[in-house]
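*Asks:* Here it is, the structure in full.
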Amino acid sequence: MSSFNLPPKPGSPLSISPPVLSQDEPSSSLPTAFNPAVNLYNRFWSWRKTLELPNPGNAENLTKEVKSTHLTNFMFDGLRVDYAKAFSHNPAFQITHGLTLASQTQEPSYNFSSLFISEKTFMQGSLDHEGSLSGRFTQQWSTADTTKGQMQLGSSADRSALQVEHDHAGLDFNVNMKAINPSIVDGSGVYIGSYLQSLTKNLALGFETVMQRGPDGQDLGTTYLAKYTGDAKDWIATAQVQPIGLLQTSYWQKLSPQVEVAADLQLIAAPMKRDAVATVGAKWDLRMSSFKAQVDSTGKVSALLEQRLAPNFALLFSGEIDHFKNTSKVGVGVMLEANAAYDEEMMSKLPPQL
C-alpha cells in the first residue's frame with residue numbers, strides 16, 4: 001500500500017527516507033527501460049512459486065536411497081572392532097577407536113577419529129597407524145548454502161588429496177561446484193559442476209560436467225541425470241547417461257516402514273568394452289536389528305546382520321560368496337559405545353564409599 005508524506009514545515013531540515021520495496025516489486029532506482037524486464041521477472045518468479053516444486057537434491061545424492069539399501073559401502077571381512085565414547089551431546093563431541101584384523105582385502109589397521117557436530121558445523125578428523133591424517137568439515141551458512149571440504153595427508157604425494165565444494169539449494173533446483181586437488185599455479189586438478197532442476201513435482205532433470213586439467217591438456221565429460229519420485233515419495237527411479245556409452249539406472253521402493261528394496265543396473269557400451277552388472281538388494285529394519293541382503297549378476301551373494309544386544313553394544317556378521325570364482329568372505333564385528341555424561345550421572349547416584 002502506498003503512503004503519502006506531508007511536506008516539511010518551512011525552516012525545518014529536509015528529511016527524506018528511502019522507499020521500502022518488497023522483494024516482489026522492481027526497484028524504482030533502476031532506469032525506466034529496465035522496468036518491463038524486472039516486472040516480467042517478478043511475474044515469472046511469482047508464477048514459479050505457485051507451482052510448489054520440491055528441491056531435487058544434489059547430483060551426488062541422486063542414488064542415496066539405493067546406496068543405503070545395498071551392501072557395497074557396508075561389507076567387510078575379518079575382525080572389526082569399533083569403540084566410541086561421547087563426551088557431550090549439544091554440541092556433540094565423540095572419539096572413536098577402530099581396529100581391523102585378518103582381512104583378505106586389506107592389511108591390519110588401527111584408526112583413531114574424533115567428531116564434532118553443532119547446529120551448523122560438522123568436523124571429523126582421523127589418524128591411522130601409518131601416520132595418514134584425514135579430515136572432513138561441513139559448514140552450513142544458511143538453509144540454502146553449504147560448504148564442504150575433505151583433506152588427506154599421507155606419507156607420499158599420491159596419498160594426499162584436497163577437495164572443496166559448495167552446494168546451493170534453491171527453491172526448486174540445486175547447484176553444486178566441486179574442486180579436487182586444485183592448483184593455483186597452473187590450474188590443474190579435477191573440477192565438477194552439477195545442476196538439477198525440478199520440472200514437475202515428480203520429475204527432475206539435470207547434468208554433471210567433469211573437467212580434468214593436467215600438463216597434457218584437459219578432458220571434459222558430461223553426464224545427463226534424471227530422477228522420478230512417486231507421489232507418496234515411497235519409490236524413486238533414476239537414470240544417468242554419458243554419450244560415450246555409459247548408462248546407470250536404479251530403482252528404490254519402501255514396501256513398509258521396515259522393508260526397503262533397491263535395484264541397480266550399470267551398462268557399458270563403449271567401442272572398446274561392453275559389460276553390464278545388475279544388482280538387487282533388500283533391507284529389513286527391526287526394533288533391535290538390521291539385516292541386508294544382496295545378489296548381483298557377477299555371481300556374488302552377500303548379507304549383513306547388525307544385532308544390537310544393548311543400547312551401547314552391537315554385533316555385526318557379514319558374509320559374501322562368489323559362485324563364479326568359488327571364493328567366500330566372512331566378517332565379524334563388535335561395536336561398543338560409551339557415554340561420559342551418562343557415566344558421570346550414574347556415578348553421582350552411587351552411595352559414598354566408606
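Going by the C-alpha cells order, chains are called A, B, ..., each with residues numbered from 1, while ligands are numbered from 1 in the order shown.
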Quick one: residues within 12 Å of Gly217 (chain A), only C-alpha atoms, excluding same-chain residues fewer than 3 positions away - as a PDB file with N, CA and C atoms, in the first residue's frame?
*Replies:*
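Ended up saving to selection_31.pdb:
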```
ATOM      1  N   ASP A 186      49.061 -23.627 -11.873  1.00  0.00           N
ATOM      2  CA  ASP A 186      48.779 -23.906 -13.280  1.00  0.00           C
ATOM      3  C   ASP A 186      47.326 -24.252 -13.547  1.00  0.00           C
ATOM      4  N   GLY A 187      46.481 -24.220 -12.498  1.00  0.00           N
ATOM      5  CA  GLY A 187      45.065 -24.505 -12.683  1.00  0.00           C
ATOM      6  C   GLY A 187      44.740 -25.970 -12.883  1.00  0.00           C
ATOM      7  N   SER A 188      45.689 -26.856 -12.617  1.00  0.00           N
ATOM      8  CA  SER A 188      45.419 -28.284 -12.795  1.00  0.00           C
ATOM      9  C   SER A 188      44.508 -28.788 -11.684  1.00  0.00           C
ATOM     10  N   GLY A 189      43.909 -29.957 -11.908  1.00  0.00           N
ATOM     11  CA  GLY A 189      43.004 -30.550 -10.943  1.00  0.00           C
ATOM     12  C   GLY A 189      41.761 -31.074 -11.633  1.00  0.00           C
ATOM     13  N   MET A 211      35.616 -31.748 -15.531  1.00  0.00           N
ATOM     14  CA  MET A 211      36.758 -31.267 -16.306  1.00  0.00           C
ATOM     15  C   MET A 211      38.042 -31.595 -15.549  1.00  0.00           C
ATOM     16  N   GLN A 212      38.916 -32.307 -16.216  1.00  0.00           N
ATOM     17  CA  GLN A 212      40.200 -32.686 -15.640  1.00  0.00           C
ATOM     18  C   GLN A 212      41.317 -31.996 -16.405  1.00  0.00           C
ATOM     19  N   ARG A 213      42.069 -31.165 -15.678  1.00  0.00           N
ATOM     20  CA  ARG A 213      43.163 -30.411 -16.288  1.00  0.00           C
ATOM     21  C   ARG A 213      44.495 -30.918 -15.766  1.00  0.00           C
ATOM     22  N   GLY A 214      45.448 -31.073 -16.688  1.00  0.00           N
ATOM     23  CA  GLY A 214      46.776 -31.533 -16.317  1.00  0.00           C
ATOM     24  C   GLY A 214      47.822 -31.011 -17.268  1.00  0.00           C
ATOM     25  N   LEU A 220      37.059 -33.339 -20.858  1.00  0.00           N
ATOM     26  CA  LEU A 220      35.752 -32.824 -20.471  1.00  0.00           C
ATOM     27  C   LEU A 220      34.702 -33.880 -20.753  1.00  0.00           C
TER      28      LEU A 220
END
```
*Asks:* Using only C-alpha atoms, determine which residues lie at most 12 Å from Thr200 (chain A), disregarding the query and same-chain residues fewer than 6 positions distant; provide the list as a compact mmCIF listing (two decimals) with N, CA, C and O atoms, in the first residue's frame.
*Replies:*
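Output saved as result-v1.txt:
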```
# COMPACT_ATOMS: atom_id res chain seq x y z
N ARG A 48 6.32 -19.12 -10.56
CA ARG A 48 7.16 -20.27 -10.21
C ARG A 48 6.89 -20.73 -8.79
O ARG A 48 6.89 -21.94 -8.50
N LEU A 51 3.82 -23.04 -8.32
CA LEU A 51 3.95 -24.43 -8.72
C LEU A 51 4.30 -25.34 -7.55
O LEU A 51 4.02 -26.55 -7.60
N GLU A 52 4.96 -24.78 -6.51
CA GLU A 52 5.35 -25.54 -5.32
C GLU A 52 6.17 -26.77 -5.69
O GLU A 52 5.94 -27.89 -5.22
N LEU A 53 7.16 -26.57 -6.56
CA LEU A 53 8.04 -27.67 -6.95
C LEU A 53 9.04 -27.96 -5.83
O LEU A 53 9.57 -27.04 -5.21
N PRO A 54 9.37 -29.21 -5.56
CA PRO A 54 10.31 -29.54 -4.48
C PRO A 54 11.75 -29.35 -4.92
O PRO A 54 12.06 -29.33 -6.12
N ASN A 55 12.63 -29.25 -3.94
CA ASN A 55 14.06 -29.24 -4.24
C ASN A 55 14.51 -30.65 -4.55
O ASN A 55 14.27 -31.58 -3.76
N PRO A 56 15.17 -30.90 -5.69
CA PRO A 56 15.51 -32.28 -6.09
C PRO A 56 16.71 -32.87 -5.39
O PRO A 56 17.00 -34.06 -5.57
N ASP A 172 13.55 -24.74 -6.28
CA ASP A 172 13.23 -25.97 -6.99
C ASP A 172 14.41 -26.47 -7.82
O ASP A 172 14.23 -27.18 -8.80
N PHE A 173 15.62 -26.11 -7.43
CA PHE A 173 16.82 -26.53 -8.14
C PHE A 173 17.98 -26.66 -7.17
O PHE A 173 17.90 -26.22 -6.01
N LYS A 227 15.57 -38.01 -12.55
CA LYS A 227 15.06 -38.56 -11.29
C LYS A 227 13.55 -38.42 -11.26
O LYS A 227 13.01 -37.34 -11.49
N TYR A 228 12.87 -39.53 -10.97
CA TYR A 228 11.41 -39.52 -10.88
C TYR A 228 11.01 -40.08 -9.53
O TYR A 228 11.40 -41.19 -9.16
N THR A 229 10.22 -39.31 -8.79
CA THR A 229 9.79 -39.68 -7.44
C THR A 229 8.29 -39.90 -7.42
O THR A 229 7.53 -39.12 -8.02
N GLY A 230 7.85 -40.95 -6.75
CA GLY A 230 6.43 -41.24 -6.64
C GLY A 230 5.69 -40.18 -5.86
O GLY A 230 6.28 -39.39 -5.10
N ASP A 231 4.38 -40.14 -6.03
CA ASP A 231 3.56 -39.13 -5.35
C ASP A 231 3.68 -39.23 -3.83
O ASP A 231 3.72 -38.22 -3.14
```
*Asks:* Which neighbours of Phe76 (chain A) fall inside 8 Å, counting only C-alpha atoms, when residues of the same chain fewer than 6 positions from it are skipped, and could you give them as a ChimeraX atom specification?
*Replies:* /A:103,318,330-331
*Asks:* List as an MDAnalysis selection string the protein and nucleic acid residues near Gln307 (chain A), meaning an atom at most 8 Å away when only C-alpha atoms are counted, but skip any in the same chain fewer than 2 places from it.
*Replies:* chainID A and resid 288:290 305 309 314:316
*Asks:* Using only N, CA, C and O atoms, please write the residues we just selected to a file, as a PDB file, in the first residue's frame.
*Replies:*
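File result.pdb, as written:
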```pdb
ATOM      1  N   MET A 288      15.583 -54.118  17.199  1.00  0.00           N
ATOM      2  CA  MET A 288      16.932 -54.206  17.739  1.00  0.00           C
ATOM      3  C   MET A 288      17.934 -54.770  16.739  1.00  0.00           C
ATOM      4  O   MET A 288      19.049 -55.127  17.116  1.00  0.00           O
ATOM      5  N   SER A 289      17.563 -54.862  15.472  1.00  0.00           N
ATOM      6  CA  SER A 289      18.476 -55.436  14.482  1.00  0.00           C
ATOM      7  C   SER A 289      18.171 -54.880  13.108  1.00  0.00           C
ATOM      8  O   SER A 289      17.107 -54.309  12.862  1.00  0.00           O
ATOM      9  N   SER A 290      19.133 -55.060  12.213  1.00  0.00           N
ATOM     10  CA  SER A 290      19.001 -54.654  10.819  1.00  0.00           C
ATOM     11  C   SER A 290      19.677 -55.709   9.950  1.00  0.00           C
ATOM     12  O   SER A 290      20.801 -56.144  10.244  1.00  0.00           O
ATOM     13  N   LEU A 305      24.256 -58.605   8.901  1.00  0.00           N
ATOM     14  CA  LEU A 305      23.342 -58.562  10.037  1.00  0.00           C
ATOM     15  C   LEU A 305      23.962 -57.721  11.142  1.00  0.00           C
ATOM     16  O   LEU A 305      25.102 -57.965  11.544  1.00  0.00           O
ATOM     17  N   LEU A 309      22.462 -55.879  20.988  1.00  0.00           N
ATOM     18  CA  LEU A 309      22.124 -56.613  22.203  1.00  0.00           C
ATOM     19  C   LEU A 309      21.800 -55.687  23.355  1.00  0.00           C
ATOM     20  O   LEU A 309      21.091 -56.084  24.287  1.00  0.00           O
ATOM     21  N   ALA A 314      26.644 -53.783  20.112  1.00  0.00           N
ATOM     22  CA  ALA A 314      26.082 -54.403  18.918  1.00  0.00           C
ATOM     23  C   ALA A 314      27.095 -55.360  18.311  1.00  0.00           C
ATOM     24  O   ALA A 314      28.308 -55.146  18.406  1.00  0.00           O
ATOM     25  N   LEU A 315      26.585 -56.412  17.668  1.00  0.00           N
ATOM     26  CA  LEU A 315      27.391 -57.386  16.944  1.00  0.00           C
ATOM     27  C   LEU A 315      27.050 -57.311  15.465  1.00  0.00           C
ATOM     28  O   LEU A 315      25.882 -57.120  15.094  1.00  0.00           O
ATOM     29  N   LEU A 316      28.071 -57.467  14.606  1.00  0.00           N
ATOM     30  CA  LEU A 316      27.892 -57.440  13.167  1.00  0.00           C
ATOM     31  C   LEU A 316      28.434 -58.732  12.571  1.00  0.00           C
ATOM     32  O   LEU A 316      29.528 -59.191  12.941  1.00  0.00           O
TER      33      LEU A 316
END
```
*Asks:* Residues of region 14-197 of chain A in strand (DSSP E) according to DSSP, as a VMD selection string?
*Replies:* chain A and resid 78 to 89 92 to 101 109 to 117 121 to 128 133 to 140 145 to 153 161 to 169 173 to 180 189 to 197
*Asks:* Extract, using only C-alpha atoms, all DNA, RNA and protein residues at most 8 Å from Phe137 (chain A), discarding same-chain residues fewer than 6 positions from it, and format them as a list in words.
*Replies:* Thr121, Phe122, Met123, Gln124, Lys148, Gly149 and Gln150 of chain A
*Asks:* Save out the residues we just selected, C-alpha atoms, as a JSON list (two decimals), in the first residue's frame.
*Replies:*
```
[["chain", "number", "residue", "atom", "x", "y", "z"],
["A", 121, "THR", "CA", 29.08, -27.17, 11.78],
["A", 122, "PHE", "CA", 30.38, -30.69, 11.26],
["A", 123, "MET", "CA", 34.06, -31.62, 11.72],
["A", 124, "GLN", "CA", 35.74, -35.02, 11.71],
["A", 148, "LYS", "CA", 32.18, -28.88, 2.46],
["A", 149, "GLY", "CA", 35.81, -29.89, 2.45],
["A", 150, "GLN", "CA", 37.94, -33.02, 2.68]]
```
*Asks:* Step one, run DSSP on the backbone; step two, keep only residues of region 33-197 of chain A assigned to helix (DSSP H, G or I); then write them as a PDB file with N, CA and C atoms, in the first residue's frame.
*Replies:*
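Result went into selection.pdb, see below:
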```pdb
ATOM      1  N   ALA A  33      13.840   1.953 -18.591  1.00  0.00           N
ATOM      2  CA  ALA A  33      13.928   0.963 -19.650  1.00  0.00           C
ATOM      3  C   ALA A  33      14.003  -0.456 -19.109  1.00  0.00           C
ATOM      4  N   PHE A  34      14.479  -0.628 -17.842  1.00  0.00           N
ATOM      5  CA  PHE A  34      14.596  -1.955 -17.270  1.00  0.00           C
ATOM      6  C   PHE A  34      13.325  -2.395 -16.552  1.00  0.00           C
ATOM      7  N   ASN A  35      12.389  -1.498 -16.332  1.00  0.00           N
ATOM      8  CA  ASN A  35      11.183  -1.856 -15.593  1.00  0.00           C
ATOM      9  C   ASN A  35      10.392  -2.980 -16.243  1.00  0.00           C
ATOM     10  N   PRO A  36      10.190  -3.013 -17.555  1.00  0.00           N
ATOM     11  CA  PRO A  36       9.463  -4.154 -18.144  1.00  0.00           C
ATOM     12  C   PRO A  36      10.144  -5.486 -17.891  1.00  0.00           C
ATOM     13  N   ALA A  37      11.468  -5.515 -17.982  1.00  0.00           N
ATOM     14  CA  ALA A  37      12.184  -6.770 -17.739  1.00  0.00           C
ATOM     15  C   ALA A  37      12.073  -7.195 -16.278  1.00  0.00           C
ATOM     16  N   VAL A  38      12.165  -6.200 -15.364  1.00  0.00           N
ATOM     17  CA  VAL A  38      12.042  -6.524 -13.939  1.00  0.00           C
ATOM     18  C   VAL A  38      10.645  -7.007 -13.622  1.00  0.00           C
ATOM     19  N   ASN A  39       9.634  -6.358 -14.191  1.00  0.00           N
ATOM     20  CA  ASN A  39       8.258  -6.790 -13.960  1.00  0.00           C
ATOM     21  C   ASN A  39       8.016  -8.201 -14.499  1.00  0.00           C
ATOM     22  N   LEU A  40       8.571  -8.487 -15.666  1.00  0.00           N
ATOM     23  CA  LEU A  40       8.426  -9.818 -16.242  1.00  0.00           C
ATOM     24  C   LEU A  40       9.091 -10.866 -15.365  1.00  0.00           C
ATOM     25  N   TYR A  41      10.280 -10.548 -14.827  1.00  0.00           N
ATOM     26  CA  TYR A  41      10.973 -11.484 -13.944  1.00  0.00           C
ATOM     27  C   TYR A  41      10.176 -11.723 -12.659  1.00  0.00           C
ATOM     28  N   ASN A  42       9.624 -10.651 -12.076  1.00  0.00           N
ATOM     29  CA  ASN A  42       8.853 -10.800 -10.849  1.00  0.00           C
ATOM     30  C   ASN A  42       7.590 -11.620 -11.083  1.00  0.00           C
ATOM     31  N   ARG A  43       6.941 -11.406 -12.225  1.00  0.00           N
ATOM     32  CA  ARG A  43       5.755 -12.193 -12.539  1.00  0.00           C
ATOM     33  C   ARG A  43       6.117 -13.655 -12.751  1.00  0.00           C
ATOM     34  N   PHE A  44       7.263 -13.908 -13.411  1.00  0.00           N
ATOM     35  CA  PHE A  44       7.712 -15.285 -13.608  1.00  0.00           C
ATOM     36  C   PHE A  44       8.053 -15.942 -12.279  1.00  0.00           C
ATOM     37  N   TRP A  45       8.703 -15.210 -11.377  1.00  0.00           N
ATOM     38  CA  TRP A  45       9.075 -15.762 -10.075  1.00  0.00           C
ATOM     39  C   TRP A  45       7.840 -16.059  -9.232  1.00  0.00           C
ATOM     40  N   SER A  46       6.832 -15.172  -9.290  1.00  0.00           N
ATOM     41  CA  SER A  46       5.591 -15.422  -8.556  1.00  0.00           C
ATOM     42  C   SER A  46       4.875 -16.647  -9.096  1.00  0.00           C
ATOM     43  N   TRP A  47       4.848 -16.796 -10.432  1.00  0.00           N
ATOM     44  CA  TRP A  47       4.222 -17.979 -11.012  1.00  0.00           C
ATOM     45  C   TRP A  47       4.999 -19.239 -10.647  1.00  0.00           C
ATOM     46  N   ARG A  48       6.324 -19.123 -10.562  1.00  0.00           N
ATOM     47  CA  ARG A  48       7.155 -20.270 -10.214  1.00  0.00           C
ATOM     48  C   ARG A  48       6.889 -20.731  -8.788  1.00  0.00           C
ATOM     49  N   LYS A  49       6.628 -19.770  -7.887  1.00  0.00           N
ATOM     50  CA  LYS A  49       6.330 -20.153  -6.509  1.00  0.00           C
ATOM     51  C   LYS A  49       5.005 -20.886  -6.397  1.00  0.00           C
ATOM     52  N   THR A  50       4.040 -20.516  -7.215  1.00  0.00           N
ATOM     53  CA  THR A  50       2.733 -21.168  -7.153  1.00  0.00           C
ATOM     54  C   THR A  50       2.792 -22.632  -7.563  1.00  0.00           C
ATOM     55  N   LEU A  51       3.817 -23.037  -8.321  1.00  0.00           N
ATOM     56  CA  LEU A  51       3.946 -24.434  -8.723  1.00  0.00           C
ATOM     57  C   LEU A  51       4.300 -25.344  -7.554  1.00  0.00           C
ATOM     58  N   ALA A  59      23.340 -33.775  -7.202  1.00  0.00           N
ATOM     59  CA  ALA A  59      23.617 -34.921  -8.070  1.00  0.00           C
ATOM     60  C   ALA A  59      24.338 -36.042  -7.330  1.00  0.00           C
ATOM     61  N   GLU A  60      25.129 -35.706  -6.324  1.00  0.00           N
ATOM     62  CA  GLU A  60      25.860 -36.731  -5.594  1.00  0.00           C
ATOM     63  C   GLU A  60      24.925 -37.658  -4.837  1.00  0.00           C
ATOM     64  N   ASN A  61      23.783 -37.136  -4.371  1.00  0.00           N
ATOM     65  CA  ASN A  61      22.818 -37.937  -3.620  1.00  0.00           C
ATOM     66  C   ASN A  61      21.678 -38.438  -4.505  1.00  0.00           C
ATOM     67  N   LYS A  64      21.047 -41.953  -3.342  1.00  0.00           N
ATOM     68  CA  LYS A  64      21.343 -42.105  -1.911  1.00  0.00           C
ATOM     69  C   LYS A  64      20.554 -43.255  -1.292  1.00  0.00           C
ATOM     70  N   GLU A  65      19.276 -43.387  -1.632  1.00  0.00           N
ATOM     71  CA  GLU A  65      18.459 -44.445  -1.055  1.00  0.00           C
ATOM     72  C   GLU A  65      18.931 -45.825  -1.491  1.00  0.00           C
ATOM     73  N   VAL A  66      19.378 -45.943  -2.737  1.00  0.00           N
ATOM     74  CA  VAL A  66      19.881 -47.231  -3.221  1.00  0.00           C
ATOM     75  C   VAL A  66      21.175 -47.608  -2.500  1.00  0.00           C
ATOM     76  N   LYS A  67      22.057 -46.640  -2.310  1.00  0.00           N
ATOM     77  CA  LYS A  67      23.323 -46.915  -1.628  1.00  0.00           C
ATOM     78  C   LYS A  67      23.108 -47.327  -0.180  1.00  0.00           C
ATOM     79  N   SER A  68      22.100 -46.761   0.481  1.00  0.00           N
ATOM     80  CA  SER A  68      21.835 -47.126   1.872  1.00  0.00           C
ATOM     81  C   SER A  68      21.199 -48.505   1.985  1.00  0.00           C
ATOM     82  N   THR A  69      20.580 -48.990   0.901  1.00  0.00           N
ATOM     83  CA  THR A  69      19.962 -50.312   0.920  1.00  0.00           C
ATOM     84  C   THR A  69      20.946 -51.402   0.534  1.00  0.00           C
ATOM     85  N   ALA A 157      53.072 -38.362  -1.988  1.00  0.00           N
ATOM     86  CA  ALA A 157      52.246 -37.363  -2.658  1.00  0.00           C
ATOM     87  C   ALA A 157      50.968 -37.963  -3.232  1.00  0.00           C
ATOM     88  N   ASP A 158      51.026 -39.222  -3.696  1.00  0.00           N
ATOM     89  CA  ASP A 158      49.835 -39.819  -4.287  1.00  0.00           C
ATOM     90  C   ASP A 158      48.780 -40.190  -3.260  1.00  0.00           C
ATOM     91  N   ARG A 159      49.126 -40.120  -1.971  1.00  0.00           N
ATOM     92  CA  ARG A 159      48.166 -40.417  -0.906  1.00  0.00           C
ATOM     93  C   ARG A 159      47.641 -39.157  -0.238  1.00  0.00           C
TER      94      ARG A 159
END
```
*Asks:* With distances taken over only C-alpha atoms, which residue among A:Gln242, A:Ser250, A:Ser328, A:Thr209 lies nearest Thr105 (chain A)?
*Replies:*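 Looking at the shortest contact to Thr105 (chain A), the residue is A:Ser328.
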*Asks:* What is the distance, in Å and to one decimal place, between CA of Met177 (chain A) and CA of Ser156 (chain A)?
*Replies:*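 CA of Ser156 (chain A) lies 27.5 Å from CA of Met177 (chain A).
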*Asks:* List the neighbours of region 234-238 of chain A out to 12 Å using only C-alpha atoms; skip same-chain residues closer than 6 positions along the sequence, and give me the result as a VMD selection string.
*Replies:* chain A and resid 56 59 61 to 66 202 to 206 224 to 228 247 to 257 259 to 266
*Asks:* So what do you get for CA of Asn176 (chain A) versus CA of Asp145 (chain A), distance-wise?
*Replies:*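 Going from CA of Asn176 (chain A) over to CA of Asp145 (chain A) covers 9.9 Å.
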*Asks:* Which residues are near Ser297 (chain A)? Cut-off 9 Å, only C-alpha atoms, ignore same chain within fewer than 4 positions. Put them as a PyMOL selection string.
*Replies:* chain A and resi 276-280
*Asks:* Select, from A:Lys292, A:Lys120, A:Lys300, A:Arg274, the residue with the minimum atom-to-atom distance to Pro91 (chain A), counting only C-alpha atoms.
*Replies:*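 With only C-alpha atoms as the atom set, the closest residue is A:Lys120.
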